[in-house]
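Shown next: data.txt, given as compact mmCIF, C-alpha atoms (C1' of nucleotides).
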```
# COMPACT_ATOMS: atom_id res chain seq x y z
CA MET I 10 -39.68 -125.25 17.00
CA PHE I 11 -39.11 -122.38 19.40
CA ASN I 12 -35.70 -123.80 20.19
CA THR I 13 -34.72 -123.22 16.59
CA LEU I 14 -36.13 -119.71 16.64
CA PHE I 15 -34.36 -118.74 19.84
CA PHE I 16 -31.15 -120.31 18.64
CA HIS I 17 -31.19 -118.07 15.58
CA ILE I 18 -32.14 -115.01 17.57
CA ALA I 19 -29.34 -115.69 20.03
CA ALA I 20 -26.84 -115.24 17.19
CA LYS I 21 -27.76 -111.54 17.12
CA ILE I 22 -29.16 -110.47 20.49
CA VAL I 23 -29.64 -111.73 24.03
CA LEU I 24 -33.14 -112.56 25.28
CA SER I 25 -34.13 -113.14 28.89
CA ASP I 26 -36.38 -116.08 29.73
CA PRO I 27 -39.39 -113.85 30.45
CA GLU I 28 -38.90 -112.18 27.08
CA LYS I 29 -38.85 -115.56 25.41
CA GLU I 30 -42.13 -116.44 27.07
CA ILE I 31 -43.72 -113.25 25.82
CA ILE I 32 -42.45 -113.83 22.31
CA LYS I 33 -43.86 -117.35 22.26
CA THR I 34 -47.37 -116.03 22.79
CA PHE I 35 -47.33 -114.13 19.50
CA PHE I 36 -46.50 -117.04 17.23
CA THR I 37 -48.50 -119.92 15.85
CA ALA I 38 -46.83 -123.14 14.78
CA ARG I 39 -47.85 -124.68 11.48
CA LYS I 40 -46.77 -127.56 9.31
CA PHE I 41 -46.89 -127.62 5.54
CA LYS I 42 -46.62 -130.66 3.31
CA ARG I 43 -44.53 -130.74 0.17
CA LYS I 44 -46.27 -128.71 -2.59
CA GLN I 45 -48.55 -126.99 -0.11
CA PHE I 46 -48.81 -123.21 -0.34
CA LEU I 47 -47.94 -120.86 2.51
CA LEU I 48 -49.19 -118.00 0.34
CA GLN I 49 -50.84 -117.67 -3.05
CA GLU I 50 -50.66 -114.70 -5.35
CA GLY I 51 -53.67 -112.46 -4.94
CA GLU I 52 -54.29 -113.29 -1.28
CA THR I 53 -53.17 -110.83 1.32
CA CYS I 54 -50.09 -112.11 3.10
CA LYS I 55 -51.23 -112.27 6.71
CA GLN I 56 -48.18 -113.92 8.18
CA LEU I 57 -44.48 -113.51 8.54
CA SER I 58 -43.07 -117.03 8.74
CA PHE I 59 -39.96 -118.34 10.40
CA ILE I 60 -38.80 -121.64 8.95
CA ALA I 61 -37.86 -124.04 11.70
CA LYS I 62 -37.37 -126.99 9.36
CA GLY I 63 -37.83 -127.79 5.69
CA LEU I 64 -37.46 -125.89 2.45
CA ILE I 65 -39.68 -123.44 0.59
CA LYS I 66 -39.61 -121.44 -2.60
CA SER I 67 -41.00 -117.96 -3.08
CA TYR I 68 -41.75 -117.08 -6.69
CA ASN I 69 -43.83 -114.92 -8.93
CA VAL I 70 -45.44 -115.59 -12.25
CA ASP I 71 -44.91 -113.16 -15.13
CA ASP I 72 -47.31 -112.12 -17.92
CA LYS I 73 -46.23 -115.07 -20.04
CA GLY I 74 -47.01 -117.51 -17.25
CA GLU I 75 -43.37 -118.20 -16.44
CA ASP I 76 -42.28 -118.78 -12.85
CA HIS I 77 -39.38 -116.82 -11.41
CA ILE I 78 -38.01 -117.86 -8.08
CA ASN I 79 -37.35 -115.01 -5.76
CA LEU I 80 -35.69 -116.98 -3.01
CA PHE I 81 -35.33 -120.36 -1.41
CA GLY I 82 -35.84 -120.49 2.34
CA TRP I 83 -34.69 -123.14 4.74
CA GLU I 84 -34.06 -123.46 8.44
CA GLY I 85 -33.54 -120.08 10.04
CA TRP I 86 -35.08 -118.00 7.22
CA TRP I 87 -37.93 -115.58 7.50
CA VAL I 88 -40.29 -115.49 4.54
CA SER I 89 -43.32 -113.53 3.45
CA ASP I 90 -44.41 -111.23 0.69
CA PHE I 91 -43.15 -108.26 2.67
CA TYR I 92 -44.94 -105.67 0.67
CA SER I 93 -48.25 -107.46 0.92
CA PHE I 94 -47.69 -108.23 4.59
CA LEU I 95 -46.81 -104.68 5.57
CA SER I 96 -49.36 -102.85 3.45
CA ALA I 97 -52.17 -105.42 3.48
CA THR I 98 -52.39 -105.44 -0.32
CA PRO I 99 -52.74 -108.52 -2.54
CA ALA I 100 -49.58 -110.57 -2.78
CA GLN I 101 -47.56 -110.81 -5.98
CA LEU I 102 -45.62 -113.78 -4.70
CA ASN I 103 -46.42 -117.43 -4.21
CA ILE I 104 -44.76 -119.26 -1.36
CA GLU I 105 -44.74 -123.02 -1.59
CA ALA I 106 -43.15 -125.84 0.38
CA ILE I 107 -40.58 -127.85 -1.59
CA GLU I 108 -40.12 -130.25 1.32
CA ASP I 109 -42.33 -130.85 4.35
CA THR I 110 -41.82 -127.70 6.35
CA ASP I 111 -42.40 -126.51 9.92
CA VAL I 112 -42.90 -122.80 10.47
CA LEU I 113 -43.67 -120.33 13.21
CA GLN I 114 -46.01 -117.63 11.98
CA ILE I 115 -46.76 -114.17 13.29
CA THR I 116 -49.44 -111.77 12.06
CA LEU I 117 -48.80 -108.09 11.44
CA PRO I 118 -50.63 -106.94 14.59
CA ASN I 119 -48.69 -109.47 16.63
CA TYR I 120 -45.41 -108.53 14.96
CA GLU I 121 -45.99 -104.91 15.89
CA ALA I 122 -47.16 -105.77 19.39
CA MET I 123 -44.14 -107.98 19.91
CA LEU I 124 -41.79 -105.18 18.84
CA VAL I 125 -43.43 -102.91 21.41
CA LYS I 126 -43.45 -105.44 24.23
CA VAL I 127 -39.95 -106.74 23.55
CA PRO I 128 -38.12 -103.76 22.04
CA VAL I 129 -34.84 -105.62 21.74
CA MET I 130 -36.53 -107.47 18.88
CA GLU I 131 -36.38 -104.22 16.93
CA ARG I 132 -32.67 -104.66 17.14
CA TYR I 133 -32.87 -108.30 16.07
CA PHE I 134 -34.85 -107.47 12.97
CA ARG I 135 -32.75 -104.40 12.23
CA ILE I 136 -29.65 -106.59 12.14
CA LEU I 137 -31.43 -109.33 10.24
CA TYR I 138 -32.63 -106.93 7.56
CA GLN I 139 -29.29 -105.15 7.44
CA ASN I 140 -27.61 -108.44 6.55
CA SER I 141 -30.35 -109.32 4.13
CA ILE I 142 -29.72 -106.10 2.22
CA VAL I 143 -26.08 -107.03 1.75
CA THR I 144 -27.09 -110.43 0.38
CA LYS I 145 -29.69 -109.00 -1.95
CA GLU I 146 -27.32 -106.38 -3.33
CA ARG I 147 -24.77 -109.06 -4.05
CA ARG I 148 -27.26 -111.22 -5.85
CA LEU I 149 -28.48 -108.29 -7.90
CA MET I 150 -24.95 -107.41 -8.94
CA SER I 151 -24.25 -111.02 -9.76
CA SER I 152 -27.38 -111.14 -11.88
CA ILE I 153 -26.38 -108.04 -13.83
CA THR I 154 -22.65 -108.59 -14.14
CA HIS I 155 -22.10 -112.27 -14.53
CA THR I 156 -22.60 -114.63 -17.44
CA ALA I 157 -24.87 -117.66 -17.09
CA GLU I 158 -21.91 -119.83 -16.26
CA GLU I 159 -20.50 -117.45 -13.68
CA LYS I 160 -23.87 -117.22 -11.94
CA TYR I 161 -24.13 -120.97 -11.71
CA GLN I 162 -20.57 -121.48 -10.53
CA HIS I 163 -20.99 -118.71 -7.99
CA LEU I 164 -24.08 -120.37 -6.56
CA LEU I 165 -22.33 -123.73 -6.50
CA GLN I 166 -19.47 -122.30 -4.50
CA HIS I 167 -21.54 -120.34 -2.03
CA HIS I 168 -24.48 -122.65 -1.39
CA PRO I 169 -23.40 -126.17 -2.31
CA GLU I 170 -25.53 -127.70 0.46
CA ILE I 171 -28.68 -126.16 -0.96
CA ILE I 172 -28.07 -127.03 -4.57
CA LYS I 173 -28.15 -130.66 -3.63
CA ARG I 174 -31.67 -130.42 -2.20
CA ILE I 175 -33.17 -128.53 -5.13
CA PRO I 176 -34.04 -129.82 -8.64
CA GLN I 177 -32.19 -128.16 -11.47
CA THR I 178 -35.33 -126.71 -12.99
CA LEU I 179 -35.79 -124.61 -9.86
CA ILE I 180 -32.16 -123.56 -9.76
CA ALA I 181 -32.59 -122.38 -13.32
CA SER I 182 -35.65 -120.37 -12.41
CA TYR I 183 -33.80 -118.87 -9.45
CA LEU I 184 -30.87 -117.79 -11.58
CA GLY I 185 -33.05 -116.56 -14.43
CA LEU I 186 -31.71 -119.15 -16.85
CA ALA I 187 -33.24 -121.86 -19.02
CA PRO I 188 -32.83 -125.35 -17.54
CA GLU I 189 -31.10 -126.43 -20.76
CA THR I 190 -28.45 -123.79 -20.20
CA ILE I 191 -27.53 -125.34 -16.87
CA SER I 192 -27.25 -128.76 -18.49
CA ARG I 193 -24.82 -127.37 -21.02
CA ILE I 194 -22.76 -125.58 -18.39
CA LYS I 195 -22.38 -128.82 -16.46
CA ARG I 196 -21.41 -130.71 -19.60
CA ASN I 197 -18.68 -128.22 -20.46
CA LYS I 198 -17.22 -128.21 -16.98
CA THR I 199 -17.10 -131.92 -16.27
CA PRO I 200 -15.16 -133.49 -19.18
CA MET J 25 -28.72 -80.53 6.92
CA PHE J 26 -30.13 -81.96 10.14
CA ASN J 27 -33.51 -80.57 9.18
CA THR J 28 -33.51 -82.89 6.20
CA LEU J 29 -32.43 -85.82 8.31
CA PHE J 30 -35.08 -85.25 10.95
CA PHE J 31 -37.70 -84.69 8.31
CA HIS J 32 -36.98 -88.10 6.85
CA ILE J 33 -36.85 -89.77 10.23
CA ALA J 34 -40.18 -88.18 11.17
CA ALA J 35 -41.82 -90.12 8.35
CA LYS J 36 -41.19 -93.31 10.31
CA ILE J 37 -40.85 -92.55 14.02
CA VAL J 38 -41.28 -89.70 16.50
CA LEU J 39 -38.20 -88.14 18.09
CA SER J 40 -38.20 -85.82 21.10
CA ASP J 41 -36.05 -82.68 21.01
CA PRO J 42 -33.54 -84.07 23.52
CA GLU J 43 -33.22 -87.19 21.39
CA LYS J 44 -32.54 -85.05 18.36
CA GLU J 45 -29.78 -83.24 20.21
CA ILE J 46 -28.17 -86.52 21.15
CA ILE J 47 -28.37 -87.78 17.60
CA LYS J 48 -26.72 -84.65 16.24
CA THR J 49 -23.62 -85.28 18.29
CA PHE J 50 -22.91 -88.54 16.46
CA PHE J 51 -22.85 -87.14 12.94
CA THR J 52 -20.33 -85.15 10.96
CA ALA J 53 -21.41 -82.96 8.06
CA ARG J 54 -19.39 -83.12 4.86
CA LYS J 55 -19.62 -81.72 1.37
CA PHE J 56 -18.47 -83.47 -1.77
CA LYS J 57 -17.88 -81.90 -5.16
CA ARG J 58 -19.02 -83.50 -8.39
CA LYS J 59 -16.74 -86.48 -9.22
CA GLN J 60 -15.36 -86.62 -5.71
CA PHE J 61 -15.33 -90.02 -4.02
CA LEU J 62 -17.12 -90.78 -0.77
CA LEU J 63 -15.55 -94.21 -0.86
CA GLN J 64 -13.08 -96.03 -3.06
CA GLU J 65 -12.83 -99.75 -3.59
CA GLY J 66 -10.21 -101.30 -1.36
CA GLU J 67 -10.58 -98.76 1.44
CA THR J 68 -12.55 -99.74 4.50
CA CYS J 69 -15.89 -97.99 4.52
CA LYS J 70 -15.77 -96.04 7.77
CA GLN J 71 -18.98 -94.09 7.37
CA LEU J 72 -22.65 -94.55 6.83
CA SER J 73 -23.80 -91.47 4.92
CA PHE J 74 -27.15 -89.75 4.82
CA ILE J 75 -27.60 -87.64 1.70
CA ALA J 76 -29.09 -84.28 2.58
CA LYS J 77 -28.69 -82.84 -0.91
CA GLY J 78 -27.19 -83.90 -4.22
CA LEU J 79 -26.78 -87.13 -6.12
CA ILE J 80 -24.34 -90.03 -5.88
CA LYS J 81 -23.68 -93.31 -7.59
CA SER J 82 -22.47 -96.47 -5.94
CA TYR J 83 -20.83 -98.93 -8.32
CA ASN J 84 -18.40 -101.77 -8.57
CA VAL J 85 -15.90 -102.67 -11.22
CA ASP J 86 -15.80 -106.20 -12.60
CA ASP J 87 -12.83 -108.29 -13.77
CA LYS J 88 -13.07 -106.81 -17.25
CA GLY J 89 -12.89 -103.30 -15.88
CA GLU J 90 -16.56 -102.55 -16.54
CA ASP J 91 -18.54 -100.39 -14.12
CA HIS J 92 -21.84 -101.61 -12.77
CA ILE J 93 -23.98 -99.18 -10.88
CA ASN J 94 -25.46 -100.58 -7.77
CA LEU J 95 -27.65 -97.66 -6.87
CA PHE J 96 -28.19 -93.97 -7.26
CA GLY J 97 -28.71 -92.02 -4.06
CA TRP J 98 -30.27 -88.63 -3.64
CA GLU J 99 -31.86 -86.62 -0.87
CA GLY J 100 -33.06 -88.86 1.91
CA TRP J 101 -30.98 -91.89 0.97
CA TRP J 102 -28.49 -93.69 3.18
CA VAL J 103 -25.42 -95.02 1.40
CA SER J 104 -22.37 -97.05 2.26
CA ASP J 105 -20.74 -100.31 1.37
CA PHE J 106 -22.70 -102.04 4.10
CA TYR J 107 -20.62 -105.13 4.16
CA SER J 108 -17.39 -103.22 4.42
CA PHE J 109 -18.90 -100.83 6.96
CA LEU J 110 -20.25 -103.53 9.24
CA SER J 111 -17.37 -105.96 9.04
CA ALA J 112 -14.48 -103.52 8.61
CA THR J 113 -13.23 -105.30 5.50
CA PRO J 114 -12.05 -103.66 2.27
CA ALA J 115 -14.88 -102.17 0.20
CA GLN J 116 -15.90 -103.66 -3.11
CA LEU J 117 -17.90 -100.58 -4.01
CA ASN J 118 -17.00 -97.11 -5.14
CA ILE J 119 -19.24 -94.25 -4.10
CA GLU J 120 -18.89 -91.08 -6.10
CA ALA J 121 -20.76 -87.77 -6.24
CA ILE J 122 -22.53 -87.15 -9.56
CA GLU J 123 -23.59 -83.68 -8.40
CA ASP J 124 -22.26 -81.53 -5.57
CA THR J 125 -23.54 -83.37 -2.52
CA ASP J 126 -24.06 -82.66 1.19
CA VAL J 127 -24.00 -85.61 3.54
CA LEU J 128 -24.20 -86.40 7.22
CA GLN J 129 -21.83 -89.18 8.15
CA ILE J 130 -21.73 -91.53 11.10
CA THR J 131 -19.00 -94.02 11.97
CA LEU J 132 -19.73 -97.59 13.03
CA PRO J 133 -18.91 -96.95 16.73
CA ASN J 134 -21.14 -93.88 16.67
CA TYR J 135 -23.90 -95.74 14.84
CA GLU J 136 -23.85 -98.42 17.49
CA ALA J 137 -23.64 -95.91 20.32
CA MET J 138 -26.53 -93.94 18.87
CA LEU J 139 -28.68 -97.07 18.67
CA VAL J 140 -27.98 -97.71 22.35
CA LYS J 141 -28.55 -94.13 23.49
CA VAL J 142 -31.64 -93.58 21.34
CA PRO J 143 -33.19 -97.02 21.01
CA VAL J 144 -36.10 -95.80 18.96
CA MET J 145 -33.57 -95.42 16.16
CA GLU J 146 -33.43 -99.21 16.06
CA ARG J 147 -37.02 -98.99 14.99
CA TYR J 148 -36.25 -96.31 12.41
CA PHE J 149 -33.54 -98.39 10.76
CA ARG J 150 -35.59 -101.56 11.06
CA ILE J 151 -38.38 -99.90 9.06
CA LEU J 152 -35.93 -98.30 6.65
CA TYR J 153 -34.22 -101.61 5.92
CA GLN J 154 -37.52 -103.46 5.76
CA ASN J 155 -38.64 -101.13 2.97
CA SER J 156 -35.30 -101.32 1.28
CA ILE J 157 -35.61 -105.10 1.08
CA VAL J 158 -38.91 -104.77 -0.77
CA THR J 159 -37.32 -102.38 -3.27
CA LYS J 160 -34.30 -104.57 -3.82
CA GLU J 161 -36.40 -107.69 -4.35
CA ARG J 162 -38.47 -105.86 -6.93
CA ARG J 163 -35.42 -104.66 -8.78
CA LEU J 164 -33.92 -108.13 -8.80
CA MET J 165 -37.11 -109.64 -10.19
CA SER J 166 -37.29 -106.91 -12.79
CA SER J 167 -33.71 -107.60 -13.77
CA ILE J 168 -34.38 -111.32 -14.19
CA THR J 169 -37.84 -111.25 -15.77
CA HIS J 170 -37.99 -108.20 -17.95
CA THR J 171 -36.56 -107.49 -21.37
CA ALA J 172 -34.24 -104.54 -21.90
CA GLU J 173 -37.13 -102.42 -23.04
CA GLU J 174 -39.37 -103.36 -20.13
CA LYS J 175 -36.64 -102.49 -17.66
CA TYR J 176 -36.12 -99.10 -19.20
CA GLN J 177 -39.82 -98.28 -19.41
CA HIS J 178 -40.30 -99.44 -15.86
CA LEU J 179 -37.59 -97.14 -14.63
CA LEU J 180 -39.01 -94.25 -16.65
CA GLN J 181 -42.41 -94.71 -15.09
CA HIS J 182 -41.24 -95.10 -11.52
CA HIS J 183 -38.40 -92.59 -11.30
CA PRO J 184 -38.90 -90.02 -14.06
CA GLU J 185 -37.48 -87.21 -11.93
CA ILE J 186 -34.21 -89.03 -11.47
CA ILE J 187 -33.75 -90.09 -15.06
CA LYS J 188 -33.61 -86.46 -16.04
CA ARG J 189 -30.65 -85.76 -13.77
CA ILE J 190 -28.60 -88.74 -14.89
CA PRO J 191 -26.70 -89.26 -18.18
CA GLN J 192 -27.86 -92.21 -20.24
CA THR J 193 -24.55 -94.01 -19.95
CA LEU J 194 -25.11 -94.30 -16.24
CA ILE J 195 -28.71 -95.40 -16.62
CA ALA J 196 -27.42 -98.13 -18.92
CA SER J 197 -24.89 -99.24 -16.35
CA TYR J 198 -27.58 -99.25 -13.67
CA LEU J 199 -29.90 -101.42 -15.74
CA GLY J 200 -27.13 -103.70 -16.94
CA LEU J 201 -27.57 -102.72 -20.58
CA ALA J 202 -25.32 -101.32 -23.28
CA PRO J 203 -25.84 -97.57 -23.79
CA GLU J 204 -26.59 -98.26 -27.45
CA THR J 205 -29.48 -100.47 -26.47
CA ILE J 206 -31.13 -97.56 -24.67
CA SER J 207 -30.67 -95.36 -27.72
CA ARG J 208 -32.46 -97.92 -29.83
CA ILE J 209 -35.28 -98.37 -27.36
CA LYS J 210 -35.92 -94.62 -27.39
CA ARG J 211 -35.86 -94.53 -31.16
CA ASN J 212 -38.45 -97.28 -31.46
CA LYS J 213 -40.79 -95.71 -28.94
CA THR J 214 -40.81 -92.14 -30.21
CA PRO J 215 -41.70 -92.29 -33.89
C1' DC A 30 -46.06 -151.53 -15.56
C1' DG A 31 -47.22 -146.70 -16.72
C1' DG A 32 -47.17 -141.97 -15.78
C1' DA A 33 -44.88 -138.11 -13.95
C1' DT A 34 -40.86 -135.63 -13.20
C1' DC A 35 -36.29 -134.36 -14.30
C1' DG A 36 -32.28 -133.85 -17.04
C1' DT A 37 -29.96 -134.06 -21.71
C1' DT A 38 -28.95 -133.03 -26.48
C1' DG A 39 -29.15 -130.86 -31.03
C1' DA A 40 -30.86 -127.26 -34.17
C1' DT A 41 -32.60 -122.89 -34.81
C1' DC A 42 -33.62 -118.20 -33.46
C1' DA A 43 -33.91 -113.70 -31.09
C1' DA A 44 -32.11 -110.31 -28.11
C1' DC A 45 -28.61 -107.81 -26.88
C1' DT A 46 -23.61 -106.71 -27.20
C1' DT A 47 -19.64 -105.21 -29.46
C1' DC A 48 -17.13 -102.51 -32.59
C1' DA A 49 -16.60 -98.57 -35.31
C1' DA A 50 -17.70 -94.20 -36.91
C1' DC A 51 -20.06 -89.87 -36.61
C1' DG A 52 -22.62 -85.54 -34.82
C1' DG A 53 -23.89 -82.41 -31.21
C1' DT A 54 -23.01 -79.68 -27.07
C1' DC A 55 -20.51 -77.70 -23.46
C1' DG A 56 -16.75 -75.66 -21.08
C1' DT A 57 -12.02 -74.11 -20.96
C1' DG A 58 -7.84 -71.99 -22.35
C1' DG A 59 -5.33 -69.58 -25.98
C1' DC S 13 -14.35 -65.02 -28.90
C1' DC S 14 -13.37 -68.89 -31.05
C1' DA S 15 -11.26 -73.51 -31.25
C1' DC S 16 -10.41 -77.65 -29.39
C1' DG S 17 -11.14 -81.58 -26.70
C1' DA S 18 -14.14 -84.13 -23.61
C1' DC S 19 -18.28 -86.13 -23.11
C1' DC S 20 -22.62 -87.91 -24.59
C1' DG S 21 -25.81 -89.89 -27.58
C1' DT S 22 -26.83 -92.08 -32.17
C1' DT S 23 -26.55 -95.30 -35.97
C1' DG S 24 -25.29 -99.39 -38.68
C1' DA S 25 -23.20 -104.01 -39.27
C1' DA S 26 -21.56 -108.07 -37.37
C1' DG S 27 -21.02 -111.27 -33.64
C1' DT S 28 -22.45 -113.90 -29.25
C1' DT S 29 -24.99 -115.59 -25.73
C1' DG S 30 -28.53 -117.84 -24.14
C1' DA S 31 -33.65 -118.95 -25.17
C1' DT S 32 -36.78 -121.75 -27.52
C1' DC S 33 -38.50 -125.88 -29.63
C1' DA S 34 -38.61 -130.69 -30.04
C1' DA S 35 -37.34 -135.19 -29.04
C1' DC S 36 -35.40 -138.55 -26.15
C1' DG S 37 -33.48 -141.12 -21.89
C1' DA S 38 -33.41 -141.94 -16.93
C1' DT S 39 -35.42 -142.41 -12.53
C1' DC S 40 -38.87 -142.67 -9.18
C1' DC S 41 -43.14 -144.17 -7.29
C1' DG S 42 -47.76 -145.71 -6.91
```

Represent the structure of the file as C-alpha cells.
Amino acid sequence: MFNTLFFHIAAKIVLSDPEKEIIKTFFTARKFKRKQFLLQEGETCKQLSFIAKGLIKSYNVDDKGEDHINLFGWEGWWVSDFYSFLSATPAQLNIEAIEDTDVLQITLPNYEAMLVKVPVMERYFRILYQNSIVTKERRLMSSITHTAEEKYQHLLQHHPEIIKRIPQTLIASYLGLAPETISRIKRNKTP
Amino acid sequence: MFNTLFFHIAAKIVLSDPEKEIIKTFFTARKFKRKQFLLQEGETCKQLSFIAKGLIKSYNVDDKGEDHINLFGWEGWWVSDFYSFLSATPAQLNIEAIEDTDVLQITLPNYEAMLVKVPVMERYFRILYQNSIVTKERRLMSSITHTAEEKYQHLLQHHPEIIKRIPQTLIASYLGLAPETISRIKRNKTP
DNA sequence: CGGATCGTTGATCAACTTCAACGGTCGTGG
DNA sequence: CCACGACCGTTGAAGTTGATCAACGATCCG
C-alpha cells in the first residue's frame, strides 16, 4: 500500500528514504468491504484516508432523505469529511466503499505531527489542494452552467474509465440528476 | 496594504520580521478602478492577487454568451485563474473590479521562490487551500441539493454583509438563477 | 427459482427560465 | 438645473427542462 502512496507523492515532491520511513509510522492500513462505511454522518471524522485500491463514494443526505454524492474516490485519492476532521465536529458526510477498498489512514494529531517532522509534506498537500481547488471550481461551474445532457456528456468525456465502474443511479446522484434523466439522455444520443 | 496581508497570514501561521521583509520583495502593489479588469479570458494569468481592499468578481462566459460568476472576492481573498496561473495556459476566467480595489500581486516565479525562501508559507497556503476546499464543496452541494429559494436564503444568512454591496443581477449570476427568480423570492418572503 | 438491484419508458407535474414591458434611481452633459 | 440614458429591479404570461410517479424488463446471485 505504501508503494502506491509514495508513487503518488513522487508525482509532486521528492522524499528521501528516511523521510519515507518516518511517514510510514503515522499511517494505519485498513481494508473495507463493499458497502462498508469509512465514516457515518454524525460521527466525528477521525481519519484522513488515502485510497490505495478500490472505489468509494462520499455523500450527504438532505432533509428529504435523498442522497447526494459529493465525490467518488479511487486509487490515489484522499478522502475525509474535511470540516469534521479539522474541527472535530460531527460529520455531515457519509463515506462508503463501493468496491472492496484498501486505505492508509492518518489521524489529525498524526497528520499535524507528520507535517512538522517532514515539512516537505506541507508542500505536497499544498500542491494537492491547489489542484483540487481547480477541479472543484470546474465542477461547480459545470453544475451551474450546463444542462443535464451537457453535464453527462462532459463526465463521459473526462472520466470514461470511472463511469464504467459505477452504476447509473450513483452517477445520477453525483450529477444532481434523476436516474431517469440519464436513461433518456442515452436514448437520444444512441439512435 | 502589507498590513492587511500580514494580518490575514497571522491568523494561520507566525512570521518573523525578517521573513516579512523577504515576502514583501516578491509582491507588487496595484490599484484597479471599478470595472477595470485584473484578468481577461484568453490572456495568461500571470499573477496571483491578494485583495487588500475592495471587491471583485471572477466569472466565465459560456457558449451562449452568458456570464457565470465563479466567486466574489473582497478583503483577505486570494484570486486568480489558478489553472491558467499554474500551467501558463490561456485563462477561461475574467476577473473584474466591482469596486475600486487594492491588490498585492505575485507572479508564478516569485510565488515559487517565496515558498522556497520562506517555507512556512507552504503551510500558510496549505491551510488556506484546505479551508477553501471545504467552502467549495459546501457550495457545490448547495447548488445541487437546494431549490432556488434555499440557495438565496442560505447566502443571505451566511454572507449578509456582502449581499448589500452587490447588485442583484450579480447575485443571480453567482447562484445560477435568473434575476427575476430572485425578485420573486423576495416578494414571497416579505409580505 | 426468487429476490434484489439496476435501467427503461411513458405520463404528468412543478420549478425555473425566457420574453416583454414598465418604473425607479443615479449620474452626466447640455 | 434639468433631461436623458444607463442600469437595476419588478411583474406578468408563456414556455421548457427535468423531476416525480408508476409500471415493467433485464440481470445477477444466493

Q. For the point (-37.5, -112.3, 3.7) in file coordinates, what residues are within 9 Å, counting all atoms listed in the file? Give the answer as a VMD selection string?
A. (chain I and resid 57 to 58 80 82 86 to 91 138 141) or (chain J and resid 157 to 158)

(Q) Using only C-alpha atoms and a distance of at most 7 Å, pull out the residues of chain J that contact chain I, as a ChimeraX atom specification. (A) /J:94,106-107,146-147,149-150,153-154,157-158,160,164-165,168,200

Q: Could you list the residues in chain S lying within 9 Å of chain J, using all atoms listed in the file, and format the result as a list in words?
A: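 In the required form, that comes to DC20, DG21, DT22 and DT23 of chain S.
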
Using only C-alpha atoms (C1' of nucleotides), find which residues of chain A lie within 10 Å of chain I and jot them down as a tab-separated table (two decimals) with C-alpha atoms (C1' of nucleotides), keeping the file's coordinate frame.
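For reference, iface37.tsv as written:
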```
chain	number	residue	atom	x	y	z
A	35	DC	C1'	-36.29	-134.36	-14.30
A	36	DG	C1'	-32.28	-133.85	-17.04
A	37	DT	C1'	-29.96	-134.06	-21.71
A	38	DT	C1'	-28.95	-133.03	-26.48
```

Q: Select, counting all atoms listed in the file, all protein, DNA and RNA residues no farther than 12 Å from (-50.8, -112.5, 26.6) in file coordinates, and express the selection as a list in words.
A: Glu28, Glu30, Ile31, Ile32, Lys33, Thr34, Phe35, Phe36, Asn119, Ala122, Met123 and Lys126 of chain I

Q) Near DT54 of chain A, counting all atoms listed in the file, which residues have an atom at most 10 Å away, once you skip same-chain residues fewer than 2 positions from it, shown as a list of chain:residue names? A)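 Surrounding residues, per the criterion: A:DG52, A:DG56, S:DC19, S:DC20.
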
Q: Would you mind listing what lies within 7 Å of Asp124 of chain J as JSON, numbers by chain, with all atoms listed in the file counted and same-chain residues fewer than 2 positions away left out?
A: {"J": [56, 57, 58, 78, 121, 122]}

Next, the residues of the selection above should be written as a PDB file, in the frame of the given file with C-alpha atoms.
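Now in part11.pdb:
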```
ATOM      1  CA  PHE J  56     -18.470 -83.470  -1.770  1.00  0.00           C
ATOM      2  CA  LYS J  57     -17.880 -81.900  -5.160  1.00  0.00           C
ATOM      3  CA  ARG J  58     -19.020 -83.500  -8.390  1.00  0.00           C
ATOM      4  CA  GLY J  78     -27.190 -83.900  -4.220  1.00  0.00           C
ATOM      5  CA  ALA J 121     -20.760 -87.770  -6.240  1.00  0.00           C
ATOM      6  CA  ILE J 122     -22.530 -87.150  -9.560  1.00  0.00           C
TER       7      ILE J 122
END
```

Q.
Please report the interatomic distance between atom CA of Gly66 of chain J and atom CA of Pro133 of chain J in Å with one decimal.
A.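 Distance between the two atoms: 20.5 Å.
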
Q.
Env of segment 28-42 of chain S: 8 Å cut, atoms = all atoms listed in the file, seq-sep filter 6 positions within chain, self excluded. Answer as an MDAnalysis selection string.
A. (chainID I and resid 157 187 190) or (chainID A and resid 37 42:43 46)

Q: Could you tell me how far atom CA of Leu132 of chain J lies from atom CA of Lys21 of chain I, in Å and to one decimal?
A: 16.6 Å

Q.
My list of candidates is I:Val127, I:Ile171, I:Ala181, I:Leu14. Which is closest to Ile65 of chain I when distances are computed with all atoms listed in the file?
A. I:Ile171

Q: Quick one: pull the distance between atom CA of Glu123 of chain J and atom CA of Met25 of chain J, Å, one decimal.
A: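 Computing it gives 16.5 Å between the two atoms.
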
If we count only C-alpha atoms (C1' of nucleotides) and set the cut-off at 12 Å, which residues sit around Leu165 of chain I, ignoring sequence neighbours fewer than 3 positions away in its own chain? Please answer as an mmCIF file with C-alpha atoms, in the frame of the given file.
```
data_model
loop_
_atom_site.group_PDB
_atom_site.id
_atom_site.type_symbol
_atom_site.label_atom_id
_atom_site.label_comp_id
_atom_site.auth_asym_id
_atom_site.auth_seq_id
_atom_site.Cartn_x
_atom_site.Cartn_y
_atom_site.Cartn_z
ATOM 1 C CA GLU I 158 -21.910 -119.830 -16.260
ATOM 2 C CA GLU I 159 -20.500 -117.450 -13.680
ATOM 3 C CA LYS I 160 -23.870 -117.220 -11.940
ATOM 4 C CA TYR I 161 -24.130 -120.970 -11.710
ATOM 5 C CA GLN I 162 -20.570 -121.480 -10.530
ATOM 6 C CA HIS I 168 -24.480 -122.650 -1.390
ATOM 7 C CA PRO I 169 -23.400 -126.170 -2.310
ATOM 8 C CA GLU I 170 -25.530 -127.700 0.460
ATOM 9 C CA ILE I 171 -28.680 -126.160 -0.960
ATOM 10 C CA ILE I 172 -28.070 -127.030 -4.570
ATOM 11 C CA LYS I 173 -28.150 -130.660 -3.630
ATOM 12 C CA ILE I 175 -33.170 -128.530 -5.130
ATOM 13 C CA GLN I 177 -32.190 -128.160 -11.470
ATOM 14 C CA ILE I 180 -32.160 -123.560 -9.760
ATOM 15 C CA LEU I 184 -30.870 -117.790 -11.580
ATOM 16 C CA ILE I 191 -27.530 -125.340 -16.870
ATOM 17 C CA LYS I 195 -22.380 -128.820 -16.460
#
```
